[in-house]
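Okay, work29.txt now, which holds compact mmCIF, C-alpha atoms:
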```txt
# COMPACT_ATOMS: atom_id res chain seq x y z
CA MET N 104 -16.67 3.99 -9.39
CA LYS N 105 -14.04 3.50 -6.75
CA PRO N 106 -12.87 -0.04 -5.97
CA ASP N 107 -13.79 0.37 -2.29
CA LEU N 108 -17.36 1.06 -3.34
CA ILE N 109 -17.27 -2.11 -5.39
CA SER N 110 -16.28 -4.15 -2.33
CA LEU N 111 -19.05 -2.51 -0.35
CA PHE N 112 -21.43 -3.39 -3.12
CA PHE N 113 -20.39 -7.03 -2.94
CA LEU N 114 -20.87 -7.10 0.79
CA SER N 115 -24.37 -5.75 0.43
CA VAL N 116 -25.11 -8.26 -2.32
CA CYS N 117 -23.93 -10.98 0.06
CA GLN N 118 -26.34 -9.86 2.71
CA LYS N 119 -29.27 -9.90 0.33
CA TRP N 120 -28.33 -13.24 -1.16
CA LEU N 121 -28.10 -14.94 2.21
CA SER N 122 -31.03 -13.27 3.88
CA GLY N 123 -33.38 -14.78 1.35
CA GLY N 124 -35.95 -12.96 -0.74
CA GLY N 125 -37.65 -14.53 -3.73
CA ILE N 126 -36.02 -16.12 -6.73
CA VAL N 127 -36.51 -12.87 -8.64
CA MET N 128 -34.52 -10.96 -6.04
CA LYS N 129 -31.75 -13.56 -6.11
CA SER N 130 -31.55 -13.50 -9.90
CA ALA N 131 -31.45 -9.72 -9.93
CA THR N 132 -28.57 -9.57 -7.46
CA LEU N 133 -26.74 -12.27 -9.36
CA ILE N 134 -27.04 -10.38 -12.64
CA LEU N 135 -25.81 -7.21 -10.95
CA ALA N 136 -22.87 -9.17 -9.55
CA ILE N 137 -21.99 -10.38 -13.05
CA VAL N 138 -22.17 -6.89 -14.50
CA PHE N 139 -20.00 -5.50 -11.74
CA SER N 140 -17.35 -8.20 -11.95
CA LEU N 141 -17.03 -7.40 -15.66
CA PHE N 142 -16.63 -3.76 -14.68
CA ILE N 143 -13.82 -4.71 -12.29
CA THR N 144 -12.13 -6.65 -15.08
CA ALA N 145 -12.32 -3.68 -17.41
CA THR N 146 -10.80 -1.27 -14.90
CA ALA N 147 -8.09 -3.81 -14.00
CA LEU N 148 -6.70 -3.53 -17.52
CA ALA N 149 -6.17 0.21 -17.35
CA ALA N 150 -2.51 1.19 -17.03
CA ASP N 151 -1.32 3.36 -14.18
CA ASP N 152 1.86 4.64 -12.60
CA SER N 153 3.62 2.37 -10.15
CA VAL N 154 2.66 2.70 -6.49
CA GLY N 155 5.64 0.95 -4.95
CA ASN N 156 8.20 -1.82 -5.20
CA VAL N 157 8.76 -5.39 -4.12
CA LYS N 158 11.45 -5.42 -1.42
CA THR N 159 11.60 -8.94 -0.04
CA ILE N 160 10.84 -12.32 -1.57
CA SER N 161 11.10 -15.77 -0.06
CA GLY N 162 10.00 -18.96 -1.81
CA LYS N 163 7.44 -18.82 -4.60
CA VAL N 164 5.47 -15.63 -5.14
CA SER N 165 3.65 -14.07 -8.07
CA ILE N 166 1.88 -10.90 -9.12
CA LEU N 167 -1.29 -11.23 -11.17
CA ARG N 168 -1.58 -8.24 -13.51
CA SER N 169 -4.00 -7.95 -16.43
CA ASN N 170 -4.39 -11.73 -16.51
CA MET N 171 -0.64 -12.30 -16.55
CA ALA N 172 1.14 -14.01 -13.70
CA ILE N 173 4.50 -12.33 -13.17
CA SER N 174 7.32 -13.82 -11.12
CA PRO N 175 8.66 -10.66 -9.52
CA ALA N 176 12.30 -9.92 -8.78
CA ILE N 177 13.40 -7.68 -5.90
CA GLY N 178 12.71 -4.11 -7.04
CA GLU N 179 9.76 -5.07 -9.27
CA LYS N 180 7.30 -2.18 -9.55
CA ILE N 181 3.77 -2.71 -8.30
CA PHE N 182 0.61 -1.12 -9.66
CA ILE N 183 -3.03 -0.51 -8.75
CA ASN N 184 -5.09 -3.70 -9.21
CA ASP N 185 -2.09 -5.97 -8.82
CA VAL N 186 -2.83 -9.19 -6.98
CA LEU N 187 0.04 -10.31 -4.76
CA ARG N 188 0.12 -14.07 -4.17
CA THR N 189 2.34 -16.26 -2.06
CA GLU N 190 2.54 -20.05 -2.18
CA PRO N 191 2.84 -22.18 0.96
CA ASP N 192 6.19 -21.63 2.70
CA SER N 193 6.68 -18.30 0.87
CA SER N 194 6.47 -14.60 1.67
CA ILE N 195 6.70 -11.16 0.05
CA GLY N 196 7.28 -7.61 1.32
CA VAL N 197 6.46 -4.39 -0.52
CA VAL N 198 7.11 -0.69 0.07
CA PHE N 199 4.67 1.97 -1.16
CA LYS N 200 5.60 5.47 -2.31
CA ASP N 201 4.32 6.94 0.96
CA ASP N 202 6.60 4.59 3.00
CA THR N 203 3.77 2.19 3.93
CA LEU N 204 5.18 -1.32 4.35
CA ILE N 205 3.07 -4.44 3.76
CA SER N 206 4.30 -8.00 3.97
CA LEU N 207 2.46 -11.27 3.39
CA GLY N 208 3.13 -14.66 4.91
CA PRO N 209 2.56 -18.05 3.23
CA ASP N 210 -0.50 -18.85 1.12
CA SER N 211 -1.78 -15.28 0.97
CA ARG N 212 -3.78 -13.20 -1.52
CA LEU N 213 -3.89 -9.40 -1.53
CA VAL N 214 -5.31 -6.94 -4.06
CA ILE N 215 -4.16 -3.31 -4.18
CA ASN N 216 -7.43 -1.49 -4.75
CA SER N 217 -6.48 2.11 -4.40
CA PHE N 218 -3.39 4.20 -3.83
CA LEU N 219 -3.36 7.97 -4.10
CA PHE N 220 -0.41 9.94 -2.80
CA SER N 221 -0.59 13.59 -3.78
CA PRO N 222 -0.48 15.61 -0.55
CA SER N 223 -0.46 18.99 -2.37
CA GLU N 224 -3.81 18.16 -4.03
CA ASN N 225 -5.05 16.48 -0.83
CA LYS N 226 -5.50 13.25 -2.78
CA LEU N 227 -4.62 10.55 -0.29
CA SER N 228 -5.85 6.99 -0.06
CA ILE N 229 -4.65 3.46 0.41
CA VAL N 230 -7.10 0.57 0.25
CA VAL N 231 -6.11 -3.08 -0.04
CA ASN N 232 -8.25 -6.20 -0.05
CA MET N 233 -6.93 -9.18 1.88
CA PHE N 234 -8.63 -12.41 0.84
CA LYS N 235 -6.50 -14.97 2.51
CA GLY N 236 -3.39 -15.54 4.57
CA THR N 237 -1.37 -13.33 6.89
CA LEU N 238 -0.40 -9.67 6.55
CA VAL N 239 1.80 -7.31 8.55
CA TYR N 240 1.23 -3.59 8.01
CA LEU N 241 3.37 -0.61 9.04
CA SER N 242 1.76 2.75 8.32
CA GLY N 243 3.33 5.41 6.12
CA ILE N 244 2.73 9.08 5.37
CA ILE N 245 -0.86 8.67 4.11
CA ALA N 246 -1.97 7.24 7.49
CA LYS N 247 -0.34 10.23 9.18
CA LEU N 248 -1.95 12.87 6.93
CA ALA N 249 -5.35 11.23 6.36
CA PRO N 250 -5.96 8.26 8.69
CA ASP N 251 -9.52 7.83 7.44
CA ALA N 252 -8.22 7.23 3.91
CA VAL N 253 -6.46 4.00 4.90
CA ARG N 254 -8.34 0.68 4.94
CA ILE N 255 -7.60 -3.00 4.86
CA GLU N 256 -10.69 -4.89 3.72
CA THR N 257 -11.19 -8.57 4.47
CA PRO N 258 -14.20 -10.77 3.61
CA VAL N 259 -15.68 -10.20 7.08
CA ALA N 260 -14.39 -6.84 8.29
CA SER N 261 -12.89 -3.50 7.44
CA ILE N 262 -9.78 -2.42 9.32
CA GLY N 263 -9.10 1.26 9.84
CA VAL N 264 -5.68 2.53 10.82
CA ARG N 265 -4.65 5.14 13.36
CA GLY N 266 -1.08 3.88 13.09
CA THR N 267 1.19 2.19 13.18
CA LYS N 268 1.83 -1.54 13.08
CA PHE N 269 -0.56 -4.46 13.09
CA ALA N 270 -1.10 -7.97 11.77
CA VAL N 271 -4.13 -9.61 10.16
CA LYS N 272 -4.95 -13.23 9.50
CA VAL N 273 -7.71 -14.23 7.09
CA GLU N 274 -8.69 -17.88 6.91
CA GLY N 275 -9.37 -18.84 3.31
CA LYS N 276 -12.31 -21.16 2.69
CA ASP N 277 -10.56 -23.36 0.13
CA GLN N 278 -8.01 -23.30 -2.67
CA ASN N 279 -10.46 -22.02 -5.29
CA ASP N 280 -10.42 -18.53 -3.94
CA ILE N 281 -11.57 -15.35 -5.52
CA VAL N 282 -8.31 -14.58 -7.28
CA GLU N 283 -8.10 -17.75 -9.33
CA LEU N 284 -11.76 -17.44 -10.21
CA LYS N 285 -11.42 -13.87 -11.33
CA ALA N 286 -8.59 -14.72 -13.67
CA PRO N 287 -10.46 -16.51 -16.52
CA SER N 288 -12.91 -13.67 -17.17
CA SER N 289 -10.02 -11.26 -17.79
CA SER N 290 -9.06 -13.21 -20.90
CA VAL N 291 -12.25 -12.24 -22.72
CA PRO N 292 -11.32 -10.10 -25.73
CA LYS N 293 -12.72 -6.60 -25.75
CA MET C 180 -22.82 -22.16 -24.89
CA THR C 181 -19.10 -21.76 -25.38
CA SER C 182 -16.79 -22.56 -22.51
CA LEU C 183 -15.78 -18.90 -22.48
CA LYS C 184 -19.35 -17.79 -21.92
CA ARG C 185 -19.78 -20.42 -19.24
CA LEU C 186 -16.71 -19.09 -17.47
CA LEU C 187 -18.15 -15.61 -17.65
CA LEU C 188 -21.23 -16.83 -15.80
CA ILE C 189 -19.43 -19.07 -13.35
CA ALA C 190 -16.73 -16.64 -12.34
CA PRO C 191 -18.99 -13.97 -10.82
CA LEU C 192 -21.18 -16.62 -9.16
CA ALA C 193 -18.14 -18.18 -7.54
CA LEU C 194 -16.92 -14.71 -6.63
CA LEU C 195 -20.24 -14.07 -4.93
CA LEU C 196 -20.20 -17.36 -3.04
CA VAL C 197 -16.60 -16.98 -1.91
CA SER C 198 -17.29 -13.41 -0.82
CA CYS C 199 -20.07 -14.77 1.38
CA ALA C 200 -17.99 -17.57 2.84
CA ASN C 201 -17.48 -17.63 6.56
CA GLN C 202 -13.82 -16.70 6.91
CA LYS C 203 -12.58 -16.14 10.41
CA ASN C 204 -10.18 -13.23 10.83
CA ILE C 205 -7.94 -12.06 13.61
CA VAL C 206 -6.40 -8.60 13.94
CA VAL C 207 -3.48 -7.96 16.32
CA LEU C 208 -2.06 -4.56 17.18
CA LEU C 209 1.73 -4.78 17.24
CA PRO C 210 4.08 -2.59 19.30
CA ASP C 211 5.43 0.48 17.51
CA GLN C 212 9.24 0.45 17.61
CA ASP C 213 9.40 4.22 18.00
CA GLY C 214 6.90 4.21 20.84
CA ARG C 215 4.31 6.20 18.92
CA PRO C 216 0.69 5.77 20.02
CA SER C 217 -1.00 3.22 17.90
CA SER C 218 -4.48 1.81 17.30
CA VAL C 219 -6.68 0.08 14.78
CA THR C 220 -10.43 -0.11 14.37
CA VAL C 221 -12.07 -3.30 13.18
CA SER C 222 -15.62 -2.91 11.94
CA ASN C 223 -18.33 -4.80 10.09
CA LYS C 224 -22.12 -5.08 10.03
CA GLY C 225 -22.08 -6.40 13.59
CA GLY C 226 -20.32 -3.39 15.03
CA ALA C 227 -16.89 -1.94 15.64
CA GLN C 228 -14.01 -2.56 17.97
CA VAL C 229 -10.93 -0.46 18.74
CA ILE C 230 -7.65 -2.09 19.67
CA ASN C 231 -5.26 0.39 21.26
CA VAL C 232 -3.10 -1.83 23.46
CA PRO C 233 -0.19 -3.52 21.67
CA ASN C 234 -0.26 -7.32 21.52
CA GLN C 235 -4.03 -7.43 21.90
CA VAL C 236 -6.14 -9.34 19.44
CA SER C 237 -9.73 -9.13 18.23
CA SER C 238 -11.29 -11.95 16.26
CA ILE C 239 -14.08 -11.73 13.74
CA ASP C 240 -16.16 -14.81 13.05
CA SER C 241 -18.35 -13.47 10.27
CA ALA C 242 -19.36 -10.25 8.54
CA GLU C 243 -22.45 -10.07 10.78
CA THR C 244 -20.89 -10.69 14.19
CA ARG C 245 -19.22 -7.88 16.09
CA PRO C 246 -15.44 -8.22 16.40
CA THR C 247 -14.63 -9.65 19.86
CA ASP C 248 -13.34 -7.54 22.73
CA PRO C 249 -9.54 -7.25 22.48
CA LYS C 250 -7.61 -9.68 24.64
CA PRO C 251 -3.88 -10.27 25.05
CA MET C 252 -2.02 -12.53 22.63
CA GLU C 253 1.27 -14.06 23.73
CA ASP C 254 4.44 -13.13 21.81
CA LYS C 255 5.04 -16.79 21.14
CA LYS C 256 1.60 -17.17 19.57
CA ILE C 257 2.03 -13.98 17.48
CA ARG C 258 5.35 -15.36 16.25
CA GLU C 259 3.72 -18.70 15.45
CA VAL C 260 0.96 -17.15 13.32
CA PHE C 261 2.74 -14.13 11.82
CA GLY C 262 6.44 -15.07 11.94
CA ARG C 263 6.87 -15.39 8.19
CA ALA C 264 5.03 -12.15 7.43
CA LEU C 265 7.00 -10.34 10.15
CA ASP C 266 10.29 -11.62 8.71
CA ALA C 267 9.24 -10.39 5.25
CA GLN C 268 8.76 -6.77 6.40
CA PRO C 269 11.04 -4.53 4.34
CA LEU C 270 13.46 -2.09 5.99
CA LYS C 271 11.91 1.26 6.83
CA PRO C 272 12.60 3.87 4.13
CA VAL C 273 15.45 6.26 4.97
CA HIS C 274 15.02 10.04 4.64
CA PHE C 275 17.80 12.62 4.28
CA THR C 276 17.55 16.40 3.97
CA LEU C 277 20.34 18.15 2.06
CA TYR C 278 20.82 21.93 2.04
CA PHE C 279 21.99 24.29 -0.70
CA GLU C 280 23.64 27.66 -1.06
CA PHE C 281 21.51 30.70 -2.00
CA ASN C 282 20.09 30.62 -5.53
CA SER C 283 22.33 27.73 -6.41
CA ASP C 284 22.48 23.99 -6.91
CA ASN C 285 25.70 23.80 -4.86
CA LEU C 286 25.33 21.72 -1.72
CA THR C 287 26.49 23.27 1.55
CA ALA C 288 29.70 21.79 2.96
CA GLU C 289 27.77 19.92 5.69
CA SER C 290 25.32 18.49 3.19
CA LYS C 291 28.13 17.17 1.02
CA ILE C 292 29.08 15.04 4.02
CA MET C 293 25.44 14.03 4.53
CA LEU C 294 25.22 12.95 0.91
CA LYS C 295 28.28 10.74 1.41
CA ARG C 296 26.45 9.17 4.37
CA PHE C 297 23.40 8.61 2.18
CA LEU C 298 25.57 6.81 -0.38
CA GLU C 299 27.23 4.76 2.34
CA GLU C 300 23.87 3.69 3.75
CA SER C 301 22.52 2.84 0.30
CA LYS C 302 25.15 0.11 -0.02
CA THR C 303 23.59 -1.93 2.78
CA PHE C 304 20.02 -0.73 2.21
CA LYS C 305 20.00 -1.59 -1.50
CA PRO C 306 17.12 0.72 -2.46
CA SER C 307 14.58 -0.37 -5.06
CA ALA C 308 13.59 3.26 -5.52
CA VAL C 309 15.13 6.63 -4.68
CA ALA C 310 12.97 9.76 -4.61
CA ILE C 311 14.59 13.20 -4.77
CA ILE C 312 12.40 16.25 -4.17
CA GLY C 313 13.83 19.72 -4.68
CA HIS C 314 12.66 22.75 -2.65
CA THR C 315 13.53 26.45 -2.50
CA ASP C 316 12.97 29.40 -0.19
CA LEU C 317 10.34 31.99 -1.08
CA VAL C 318 12.59 34.50 -2.86
CA GLY C 319 11.48 34.89 -6.48
CA THR C 320 8.65 33.68 -8.69
CA SER C 321 7.03 30.25 -8.60
CA LYS C 322 8.36 29.42 -12.05
CA VAL C 323 11.97 30.32 -11.28
CA ASN C 324 11.82 28.43 -8.00
CA TYR C 325 10.27 25.37 -9.59
CA GLU C 326 13.22 25.28 -11.97
CA LEU C 327 15.74 25.90 -9.18
CA GLY C 328 14.20 23.07 -7.12
CA LEU C 329 14.46 20.79 -10.10
CA GLU C 330 18.10 21.78 -10.74
CA ARG C 331 18.90 20.96 -7.11
CA ALA C 332 17.21 17.57 -7.36
CA VAL C 333 18.96 16.84 -10.66
CA ALA C 334 22.32 17.85 -9.15
CA VAL C 335 21.82 15.34 -6.32
CA LYS C 336 20.69 12.68 -8.76
CA LYS C 337 23.86 13.19 -10.81
CA ILE C 338 26.05 12.66 -7.76
CA LEU C 339 24.11 9.52 -6.79
CA VAL C 340 24.23 8.07 -10.29
CA ASP C 341 27.94 8.92 -10.65
CA SER C 342 28.46 7.01 -7.42
CA GLY C 343 26.81 3.89 -8.76
CA ILE C 344 23.07 4.18 -8.04
CA LYS C 345 21.08 3.05 -11.07
CA SER C 346 19.56 6.03 -12.88
CA SER C 347 16.35 4.10 -13.66
CA ILE C 348 15.39 3.81 -9.98
CA VAL C 349 15.87 7.52 -9.22
CA GLU C 350 12.79 9.75 -9.47
CA VAL C 351 13.31 13.51 -9.50
CA THR C 352 10.64 16.13 -8.74
CA SER C 353 10.43 19.76 -7.66
CA HIS C 354 8.01 21.41 -5.27
CA GLY C 355 9.62 24.81 -5.90
CA LYS C 356 8.54 27.31 -3.23
CA ASP C 357 5.25 25.48 -2.49
CA ASN C 358 6.40 23.25 0.35
CA PRO C 359 8.75 25.19 2.65
CA LEU C 360 10.11 23.46 5.74
CA ILE C 361 9.95 26.80 7.60
CA LYS C 362 6.85 28.84 6.82
CA THR C 363 7.85 32.42 5.92
CA ALA C 364 6.31 35.40 4.16
CA ASP C 365 6.89 35.64 0.41
CA ASN C 366 10.36 36.80 -0.71
CA VAL C 367 12.00 35.89 2.61
CA ALA C 368 15.43 34.27 2.28
CA GLU C 369 15.51 31.19 4.51
CA PRO C 370 18.47 28.80 4.22
CA ARG C 371 16.52 25.88 5.77
CA ASN C 372 14.07 25.99 2.88
CA ARG C 373 16.81 25.60 0.24
CA ARG C 374 16.87 21.87 0.34
CA VAL C 375 16.42 18.49 -1.27
CA GLU C 376 14.66 15.57 0.39
CA ALA C 377 16.24 12.30 -0.61
CA VAL C 378 14.47 9.05 0.26
CA MET C 379 15.62 5.50 -0.29
CA ARG C 380 12.95 2.82 -0.35
```
Structure translated into structure tokens:
Amino acid sequence: MKPDLISLFFLSVCQKWLSGGGIVMKSATLILAIVFSLFITATALAADDSVGNVKTISGKVSILRSNMAISPAIGEKIFINDVLRTEPDSSIGVVFKDDTLISLGPDSRLVINSFLFSPSENKLSIVVNMFKGTLVYLSGIIAKLAPDAVRIETPVASIGVRGTKFAVKVEGKDQNDIVELKAPSSSVPK
Amino acid sequence: MTSLKRLLLIAPLALLLVSCANQKNIVVLLPDQDGRPSSVTVSNKGGAQVINVPNQVSSIDSAETRPTDPKPMEDKKIREVFGRALDAQPLKPVHFTLYFEFNSDNLTAESKIMLKRFLEESKTFKPSAVAIIGHTDLVGTSKVNYELGLERAVAVKKILVDSGIKSSIVEVTSHGKDNPLIKTADNVAEPRNRRVEAVMR
């Protein structure tokens, strides 16, 4: 299952959860949510080739990868499922292999869900999930070749790109955001 | 129940609740430096909105409410909200095309000069990654041309590494005759297809 489908799934679960239904319905959706979050954890541990590099760092930033928090240096490779995090008064900028540029302002959380860059096989996609903070995006080759394959997902909207440069702000609800909460379950031994 | 099991139950629940939280978003289209046309679509359960005028903003109050009609956002305000993220944008990757002599991994005289320029620029750019892709014209078999493309890319890599670029950041590939710059019939000699693309990121 593709990560973007997983986010869609969560959105639909949200709708059901909020719009009521009986206790049975709520329990069922909750159980499904548990199963799927375990699935996400399992796929997060799979190794993959790098999709880009860290290019700029200011202040305190980290990359959460397979339940390890890495303090990246300039040039650090980034991979699918990496979570990029910036502390207050910090920022990070990354370049992808298709020339896409993404930078995050202070107190931000971004997950790289999908990145496929193989023009000869027509495999093209870039999907990131922005949970919190500020992001500036400059499109690369994938947006040029397959604009529909580029998406920035936030908790309340999906942003499609026709090029070229835009900025997004996502207000986080509180400190205990999705990324911290996802972390403990990754430590469960297989 | 162990604390581990409890975490397993709590984590997805919290994930679910946070996913449902009401988190206001704004999306601003920024001007494209090269003047290319530019637009974004913002969509959710409430509907969709297209922003195609730079410096216009749409806000989204929840996953169920349609993104607002775009309206102008002052530069000063954009700077205030996105200044740090804007300052963190990396330099745009730099692309060079280098040409070769027929059936050879010798650079043309002009391209030797271009390669020097590439090296010069790399000193200020400080690339984290360099990609070198070798190409050929359509004379000969796929296999031979794949190898020739690779030899060309490796030749460029050698020059870059000899000039101080770290070998570990240089990625070499060949597209052989599959990706000509100038489309020609098979077995046509075309100097503009005998090339290497070198990118610093």
| field | Å distance separating atom CA of C:Leu327 from atom CA of C:Arg380, one decimal place | value |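 Interatomic distance here is 24.9 Å.
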| task | Have a look at C:Val378, C:Val219, C:Val340, C:Ala334 and name the one nearest to C:Lys291; count only C-alpha atoms. | result |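 Distance minimum relative to C:Lys291 lands on C:Ala334.
Rounded to one decimal, atom CA of N:Thr159 and atom CA of N:Asp251 lie 28.0 Å from each other.
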| query | So which residues are close to (14.6, 16.1, -3.5), meaning at most 10 Å away in the file's coordinates with only C-alpha atoms counted, and can you show them as a list in words? | reply | Phe275, Thr276, Leu277, Val309, Ala310, Ile311, Ile312, Gly313, His314, Gly328, Leu329, Glu330, Arg331, Ala332, Val333, Ala334, Val335, Lys336, Glu350, Val351, Thr352, Ser353, His354, Arg374, Val375, Glu376, Ala377 and Val378 of chain C
| message | Please compute the atom CA of C:Val260-atom CA of N:Phe234 distance, one decimal, in Å. | response |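 So the answer is 16.4 Å.
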| field | Neighbour residues at most 8 Å from (-5.0, 4.1, -8.1) (only C-alpha atoms) as number ranges by chain | value | N: 151, 154, 182-184, 216-219
| note | chain C proximity check over N:Met171, N:Leu227, N:Met233, N:Val264, using all atoms listed in the file: winner is N:Val264
| request: Find the residue from C:Pro249, C:Gly355, C:Gly226, C:Pro272 that sits nearest to C:Asp316; use only C-alpha atoms when measuring. | output: C:Gly355
| field | Which residue of N:Ala176, N:Ile181, N:Ile160, N:Leu248 approaches chain C most closely, using all atoms listed in the file | value |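 Among N:Ala176, N:Ile181, N:Ile160, N:Leu248, it is N:Ile160 that comes nearest to chain C.
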| said: Excluding stretch 363-365 of chain C and its own-chain neighbours fewer than 3 positions away, which residues fall within 9 Å of it when counting only C-alpha atoms? Please give them as a VMD selection string. | reply: chain C and resid 316 to 319 359 368 to 369
| From the list N:Ser261, N:Ser211, N:Ser223, N:Ser169, which residue is nearest C:Arg263 when using all atoms listed in the file? | N:Ser211
| task | Would you mind telling me which residue in C:Asn366, C:Ser217, C:Thr320, C:Ser222 lies nearest to C:Thr244 when using all atoms listed in the file? | result |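 Among the listed residues, the smallest separation from C:Thr244 belongs to C:Ser222.
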| Contacts of N:Leu167 within 7 Å, only C-alpha atoms, excl. fewer than 3 positions in-chain, as a ChimeraX atom specification | /N:170-173,185-187
